[in-house]
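One structure is given here, and the rest of the page talks about it.
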Amino acid sequence: MSQNPFSQELFKKAPIVGIIRNVSLEDVKQILPVYRAAGLTTIEITMNTSGAGEIIRYAIEQESEGLNIGAGTVCTKEDLENALEAGAQFIVTPIINKKIIKSCVKKGVPIFPGGYTPTELYNAWTWGATMVKIYPATSLGPEYIKDLKAPLNHLKVLPTGGVSLENMDQFLKAGADGLGIGSQLFDKKMIQNKDWTGLKAYFEKFVEKLKSAS
């Protein structure tokens, strides 16, 4: 397990979980300082990314100052063990797996498990999830969060999937406690072109949008 625990304070500063999937370690090395400089604080590396363990390990060892670094797409006990061994400070799953949730709770590692229905999300919450990830959020839209939070207002929710610069304020206004953003945040073209200045300016737009929505 990592020496540095997940910081809620950092997360609250910019409640976006940036999702890195299928990006090389070389590019991640360039992205992390830019991500932090833009004012973003929390990033997950998905376990189905090639060399995920190595990327997480590098991020924790070299770039964890001012950043929460976690592992995403954790579906099995083996994924979980590999992620924690690499030093992940929090865990995100696309599904509800009771064993994984309980295991994280026991270890004191924040877990954001992904579910879709009120029952799934409520169960994950009662088992000790730090936040429940509503996935995929696009097909449900911001209204779903409003409806879900009417009776279950104590749930902390993180809509993920299809959240973008254009619609993020709608999700926040509907009651989202954070946002999971992947390809809409890590612009593929800019990464391919190694346009790190452009990427930083793009990240800053998300930070601005967070400020204006709060």
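Starting from 1 in every chain, residues are counted up; chains themselves are A, B, ... following the order of the structure tokens, and ligands are numbered from 1 as listed.
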Pick out each residue of region 61-201 of chain A that DSSP on the backbone tags as strand (DSSP E or B); I need them as a ChimeraX atom specification. /A:68-72,91-93,111-115,132-134,157-160,179-181
Would you kindly return, as number ranges by chain, each protein, DNA or RNA residue with an atom no farther than 7 Å from any atom of region 31-34 of chain A, considering only C-alpha atoms and excluding same-chain residues fewer than 3 positions away? A: 27-28, 37-38, 63, 200
Among the residues A:Ile191, A:Ile145, A:Ala201, A:Ile45, the one that comes closest to Val132 (chain A) [using only C-alpha atoms]: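 The shortest atom-to-atom distance to Val132 (chain A) comes from A:Ile145.
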Counting only C-alpha atoms, what is within 12 Å of Tyr116 (chain A), bar same-chain residues fewer than 3 positions away, as a list in words?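 After dropping sequence-adjacent residues, the list is Pro94, Ile95, Ile96, Pro113, Thr119, Glu120, Leu121, Tyr122, Asn123, Ala124, Val132, Lys133, Ile134, Tyr135, Pro136, Ala137, Thr138, Ser139, Leu140, Gly141, Tyr144, Ile145, Leu148, Val157, Leu158, Pro159, Thr160 and Gly161 of chain A.
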Find the residues around Ser164 (chain A) up to 10 Å (only C-alpha atoms counted), leave out those fewer than 2 positions away in its own chain, and share them as a tab-separated table (two decimals) with N, CA and C atoms, in the first residue's frame.
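Contents of around_13.tsv, freshly written:
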chain	number	residue	atom	x	y	z
A	138	THR	N	-23.88	9.02	-19.45
A	138	THR	CA	-24.49	9.72	-20.59
A	138	THR	C	-25.89	9.25	-20.89
A	160	THR	N	-19.85	9.14	-14.50
A	160	THR	CA	-18.70	8.87	-15.35
A	160	THR	C	-19.19	8.30	-16.68
A	161	GLY	N	-18.53	8.69	-17.75
A	161	GLY	CA	-18.91	8.19	-19.08
A	161	GLY	C	-19.74	9.22	-19.81
A	162	GLY	N	-19.11	9.92	-20.75
A	162	GLY	CA	-19.83	10.92	-21.52
A	162	GLY	C	-19.90	12.29	-20.87
A	166	GLU	N	-18.93	20.53	-22.05
A	166	GLU	CA	-20.24	21.12	-22.37
A	166	GLU	C	-21.30	20.79	-21.34
A	167	ASN	N	-21.29	19.55	-20.82
A	167	ASN	CA	-22.40	19.15	-19.94
A	167	ASN	C	-22.02	19.02	-18.47
A	168	MET	N	-20.77	19.24	-18.11
A	168	MET	CA	-20.35	18.97	-16.73
A	168	MET	C	-21.10	19.82	-15.70
A	169	ASP	N	-21.39	21.08	-16.06
A	169	ASP	CA	-22.10	21.92	-15.09
A	169	ASP	C	-23.51	21.41	-14.82
A	171	PHE	N	-24.39	18.24	-14.73
A	171	PHE	CA	-24.24	17.13	-13.77
A	171	PHE	C	-24.01	17.66	-12.36
A	179	LEU	N	-16.92	14.23	-10.74
A	179	LEU	CA	-17.13	13.79	-12.12
A	179	LEU	C	-15.97	12.91	-12.55
A	180	GLY	N	-16.27	11.80	-13.20
A	180	GLY	CA	-15.22	10.97	-13.79
A	180	GLY	C	-15.15	11.32	-15.27
A	181	ILE	N	-13.99	11.77	-15.75
A	181	ILE	CA	-13.87	12.18	-17.15
A	181	ILE	C	-12.63	11.55	-17.78
A	182	GLY	N	-12.85	10.85	-18.90
A	182	GLY	CA	-11.74	10.16	-19.56
A	182	GLY	C	-11.34	10.82	-20.86
A	183	SER	N	-11.83	10.26	-21.98
A	183	SER	CA	-11.39	10.73	-23.30
A	183	SER	C	-11.77	12.17	-23.58
A	184	GLN	N	-12.81	12.66	-22.89
A	184	GLN	CA	-13.21	14.06	-23.09
A	184	GLN	C	-12.21	15.03	-22.45
A	185	LEU	N	-11.43	14.51	-21.51
A	185	LEU	CA	-10.45	15.35	-20.80
A	185	LEU	C	-9.05	15.18	-21.40
A	206	PHE	N	-11.61	23.07	-17.79
A	206	PHE	CA	-12.40	22.23	-16.89
A	206	PHE	C	-12.38	22.80	-15.48
Who sits within 8 Å of Gly51 (chain A), only C-alpha atoms, same chain under 3 positions skipped, as a short mmCIF file (atom, residue, chain, number, x, y, z; two decimals) with C-alpha atoms, in the first residue's frame:
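Written file, result35.cif:
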data_model
loop_
_atom_site.label_atom_id
_atom_site.label_comp_id
_atom_site.auth_asym_id
_atom_site.auth_seq_id
_atom_site.Cartn_x
_atom_site.Cartn_y
_atom_site.Cartn_z
CA LEU A 25 4.24 5.86 -19.76
CA GLU A 54 4.46 0.50 -13.95
CA ILE A 55 2.64 3.77 -14.74
#
Within 12 Å of Glu9 (chain A), counting only C-alpha atoms, which residues qualify if same-chain residues fewer than 6 places away don't, as JSON, numbers by chain? {"A": [15, 41, 42, 66, 67, 68]}
Neighbour list for Cys104 (chain A) as a ChimeraX atom specification, cut-off 12 Å, only C-alpha atoms, skip fewer than 4 positions in-chain: /A:1,74,77,80-81,83-84,88-93,97-100,108-113,124,127-130
DSSP on the backbone: which residues in region 18-179 of chain A end up as alpha helix (DSSP H)? Give the answer as JSON, numbers by chain. {"A": [25, 26, 27, 28, 29, 30, 31, 32, 33, 34, 35, 36, 37, 52, 53, 54, 55, 56, 57, 58, 59, 60, 61, 62, 63, 77, 78, 79, 80, 81, 82, 83, 84, 85, 86, 98, 99, 100, 101, 102, 103, 104, 105, 106, 107, 118, 119, 120, 121, 122, 123, 124, 125, 126, 141, 142, 143, 144, 145, 146, 147, 148, 149, 168, 169, 170, 171, 172, 173]}
Provide the CA of Glu204 (chain A) to CA of Met190 (chain A) distance in Å, to one decimal place. 14.4 Å
Restricting the calculation to only C-alpha atoms: of A:Trp125, A:Phe11, A:Tyr58, A:Tyr35, which residue gets closest to Phe203 (chain A)?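 Going through A:Trp125, A:Phe11, A:Tyr58, A:Tyr35 one by one, the smallest distance to Phe203 (chain A) is for A:Tyr35.
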From the list A:Ser214, A:Gln30, A:Ser50, A:Thr73, which residue is nearest Lys12 (chain A) when using only C-alpha atoms?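 Of A:Ser214, A:Gln30, A:Ser50, A:Thr73, the one nearest Lys12 (chain A), counting only C-alpha atoms, is A:Ser214.
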